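Asks: The following block contains the structure, expressed as structure tokens.
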Amino acid sequence: MKYFPKISRGNIYLSPINPEDYELRTKWVNDSRITDGVNQTKAIMSINKEKEFLEKYSKDSDSTKAFAIVNKENDKMLWIVDLWDINHIDQVARLGISIWDVEEHNKWYGTDAINAILLFWFYTLNLRNIDLHVFSFNKWAIRCYQKVWFKEYGIRKETHYCNWKFRDEIYMDITKVEREEKNKEILRKS
Ligand SMILES: CC(C)(COP(=O)(O)OP(=O)(O)OC[C@H]1O[C@@H](n2cnc3c(N)ncnc32)[C@H](O)[C@@H]1OP(=O)(O)O)[C@@H](O)C(=O)NCCC(=O)NCCS
């Protein structure tokens, strides 16, 4: 067995990361259709680097930091939702998410994964504010975040050089209180 359902919502479940996925990941981290949105196009990733990275990542002492997103129907791994800059005193952290296979975009997996992880982060880890940074050209990501009730709270101009242009970065966040209604709705349906 490669994946272990820890949290389940909609058509996906979240599982601990499997370090054997390094070959698949090497393919995806060299695909600029994906890496433009996560600021990784400038990196050239070899299979060895990826193997090392995934081994380290899957052994991280804070196992709540990253989950693989897996399709419930066929156990296909869609990639990752993870937590950055966790501060348990202030109860804040930053969301990261990527579905690496472009064929799997726009099927609500991103929405399902964020709905699942927000329940875990707000109620199990007891965090109170989750924020994220997204490039202004990443319209599908912004739409996905709006669907799970993230709201824009700022914009930083021309912070990111990508494909011949400097791009703006949008900041979005959501608090535990703001998510309360949405969480109740999700729990009612489950
Ligand atoms: C961002 C990401 C996680 C979203 O996941 P997803 O499963 O594709 O998202 P969903 O299907 O839940 O929602 C996407 C929404 O964007 C909409 N969309 C797609 N292309 C769009 C565009 N060009 N402009 C505006 N909206 C668009 C879809 O129609 C859908 O909205 P709808 O359900 O109202 O129709 C995924 O696309 C991804 O991993 N992208 C590459 C990595 C990345 O950019 N990560 C985010 C870094 S901040």
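Chain lettering (A, B, ...) mirrors the order of the structure tokens, residue numbering begins at 1 for each chain separately, and ligand numbering begins at 1 in order of display.
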Please provide as a PyMOL selection string all residues within 9 Å of Phe137 (chain A), with the sequence filter that same-chain residues fewer than 2 positions apart are discarded (counting only C-alpha atoms).
Replies: chain A and resi 37+134-135+139-140+142+167-169
Asks: Show me a table, sorted first by chain and then by increasing residue number, of the residues of chain A having an atom at most 10 Å from ligand 1, each with its shortest atom pair and the distance in Å to one decimal, counting only C-alpha atoms and all ligand atoms and written as a Markdown table.
Replies:
| residue | atom | partner | partner_atom_place_in_ligand_line | distance |
| --- | --- | --- | --- | --- |
| A:Ser32 | CA | ligand 1 | 41 (C) | 9.5 |
| A:Arg33 | CA | ligand 1 | 41 (C) | 7.4 |
| A:Ile34 | CA | ligand 1 | 41 (C) | 4.5 |
| A:Thr35 | CA | ligand 1 | 42 (C) | 6.5 |
| A:Asp36 | CA | ligand 1 | 44 (O) | 7.0 |
| A:Gly37 | CA | ligand 1 | 44 (O) | 3.7 |
| A:Val38 | CA | ligand 1 | 47 (C) | 4.9 |
| A:Asn39 | CA | ligand 1 | 47 (C) | 8.3 |
| A:Gln40 | CA | ligand 1 | 42 (C) | 9.9 |
| A:Leu78 | CA | ligand 1 | 39 (O) | 8.8 |
| A:Trp79 | CA | ligand 1 | 39 (O) | 8.3 |
| A:Ile80 | CA | ligand 1 | 39 (O) | 8.5 |
| A:Val81 | CA | ligand 1 | 3 (C) | 8.5 |
| A:Leu95 | CA | ligand 1 | 48 (S) | 8.4 |
| A:Gly96 | CA | ligand 1 | 47 (C) | 6.4 |
| A:Ile97 | CA | ligand 1 | 45 (N) | 5.3 |
| A:Ser98 | CA | ligand 1 | 39 (O) | 3.4 |
| A:Ile99 | CA | ligand 1 | 39 (O) | 3.5 |
| A:Trp100 | CA | ligand 1 | 39 (O) | 5.6 |
| A:Asp101 | CA | ligand 1 | 39 (O) | 7.8 |
| A:Val102 | CA | ligand 1 | 37 (O) | 7.4 |
| A:Glu103 | CA | ligand 1 | 8 (O) | 9.2 |
| A:Glu104 | CA | ligand 1 | 7 (O) | 6.8 |
| A:His105 | CA | ligand 1 | 8 (O) | 3.5 |
| A:Asn106 | CA | ligand 1 | 11 (O) | 3.1 |
| A:Lys107 | CA | ligand 1 | 11 (O) | 4.2 |
| A:Trp108 | CA | ligand 1 | 12 (O) | 3.2 |
| A:Tyr109 | CA | ligand 1 | 7 (O) | 4.0 |
| A:Gly110 | CA | ligand 1 | 7 (O) | 3.5 |
| A:Thr111 | CA | ligand 1 | 12 (O) | 3.8 |
| A:Asp112 | CA | ligand 1 | 12 (O) | 6.8 |
| A:Ala113 | CA | ligand 1 | 7 (O) | 8.3 |
| A:Ile114 | CA | ligand 1 | 12 (O) | 8.8 |
| A:Asn115 | CA | ligand 1 | 12 (O) | 10.0 |
| A:Leu132 | CA | ligand 1 | 48 (S) | 7.0 |
| A:His133 | CA | ligand 1 | 48 (S) | 5.9 |
| A:Val134 | CA | ligand 1 | 48 (S) | 4.1 |
| A:Phe135 | CA | ligand 1 | 48 (S) | 6.6 |
| A:Ser136 | CA | ligand 1 | 48 (S) | 9.4 |
| A:Phe137 | CA | ligand 1 | 23 (N) | 8.6 |
| A:Asn138 | CA | ligand 1 | 44 (O) | 6.2 |
| A:Lys139 | CA | ligand 1 | 24 (N) | 4.4 |
| A:Trp140 | CA | ligand 1 | 16 (O) | 3.6 |
| A:Ala141 | CA | ligand 1 | 1 (C) | 3.6 |
| A:Ile142 | CA | ligand 1 | 16 (O) | 7.2 |
| A:Arg143 | CA | ligand 1 | 16 (O) | 4.7 |
| A:Cys144 | CA | ligand 1 | 13 (O) | 4.1 |
| A:Tyr145 | CA | ligand 1 | 13 (O) | 7.9 |
| A:Gln146 | CA | ligand 1 | 15 (C) | 8.9 |
| A:Lys147 | CA | ligand 1 | 34 (O) | 7.1 |
| A:Val148 | CA | ligand 1 | 12 (O) | 8.9 |
| A:Glu169 | CA | ligand 1 | 48 (S) | 9.4 |
| A:Ile170 | CA | ligand 1 | 48 (S) | 9.2 |
| A:Tyr171 | CA | ligand 1 | 48 (S) | 9.7 |
Asks: Using CA of Gln91 (chain A) and CA of Glu178 (chain A) as the two end points, give the distance in Å to one decimal.
Replies: 15.0 Å
Asks: DSSP on the backbone: which residues in region 33-135 of chain A end up as helix (DSSP H, G or I)? Give the answer as an MDAnalysis selection string.
Replies: chainID A and resid 33:38 47:58 102:104 109:124
Asks: Per residue of region 111-178 of chain A within 12 Å of region 44-66 of chain A, note the shortest atom pair and the distance in Å to one decimal, counting only C-alpha atoms, and order the rows by chain and increasing residue number, as JSON lines.
Replies:
{"residue": "A:Ala113", "atom": "CA", "partner": "A:Ala66", "partner_atom": "CA", "distance": 11.8}
{"residue": "A:Ile117", "atom": "CA", "partner": "A:Ala66", "partner_atom": "CA", "distance": 9.9}
{"residue": "A:Phe120", "atom": "CA", "partner": "A:Thr64", "partner_atom": "CA", "distance": 9.2}
{"residue": "A:Trp121", "atom": "CA", "partner": "A:Thr64", "partner_atom": "CA", "distance": 8.7}
{"residue": "A:Thr124", "atom": "CA", "partner": "A:Thr64", "partner_atom": "CA", "distance": 10.0}
{"residue": "A:Leu125", "atom": "CA", "partner": "A:Thr64", "partner_atom": "CA", "distance": 8.5}
Asks: Any chance you could export the current selection's N, CA and C atoms as a compact mmCIF listing (two decimals), in the first residue's frame?
Replies:
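Wrote it out as again06.txt, contents follow:
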# COMPACT_ATOMS: atom_id res chain seq x y z
N ALA A 113 -9.44 19.32 -1.40
CA ALA A 113 -8.24 19.18 -0.54
C ALA A 113 -8.17 20.31 0.47
N ILE A 117 -8.26 20.01 4.52
CA ILE A 117 -7.12 20.39 5.35
C ILE A 117 -7.48 21.53 6.31
N PHE A 120 -8.85 20.13 9.45
CA PHE A 120 -7.76 19.55 10.25
C PHE A 120 -6.94 20.66 10.92
N TRP A 121 -6.55 21.66 10.15
CA TRP A 121 -5.69 22.71 10.72
C TRP A 121 -6.43 23.54 11.77
N THR A 124 -8.05 20.39 14.59
CA THR A 124 -7.12 19.41 15.19
C THR A 124 -5.84 20.12 15.65
N LEU A 125 -5.29 20.95 14.78
CA LEU A 125 -4.06 21.67 15.16
C LEU A 125 -4.36 22.97 15.90
Asks: Apply DSSP to the structure's backbone, then extract all residues of region 10-165 of chain A labelled strand (DSSP E or B) and return them as number ranges by chain.
Replies: A: 12-15, 66-71, 77-87, 92-99, 129-135, 151-162, 165
Asks: Return the single residue from A:Ile174, A:Ile130, A:Leu14, A:Leu119 that is closest to Asn71 (chain A), with distances computed using only C-alpha atoms.
Replies: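 Of A:Ile174, A:Ile130, A:Leu14, A:Leu119, the one nearest Asn71 (chain A), counting only C-alpha atoms, is A:Leu14.
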Asks: Pick out the closest residue to Lys42 (chain A) from this set: A:Glu185, A:Asp173, A:Gly10, A:Cys162. Count only C-alpha atoms.
Replies: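 Using only C-alpha atoms, the shortest distance to Lys42 (chain A) belongs to A:Cys162.
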Asks: Please report the interatomic distance between CA of Phe67 (chain A) and CA of Leu24 (chain A) in Å with one decimal.
Replies: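 Atom-to-atom, CA of Phe67 (chain A) and CA of Leu24 (chain A) are spaced 16.1 Å apart.
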Asks: Expressed in Å to a single decimal, how great is the separation between CA of Leu127 (chain A) and CA of Asp75 (chain A)?
Replies: 29.1 Å
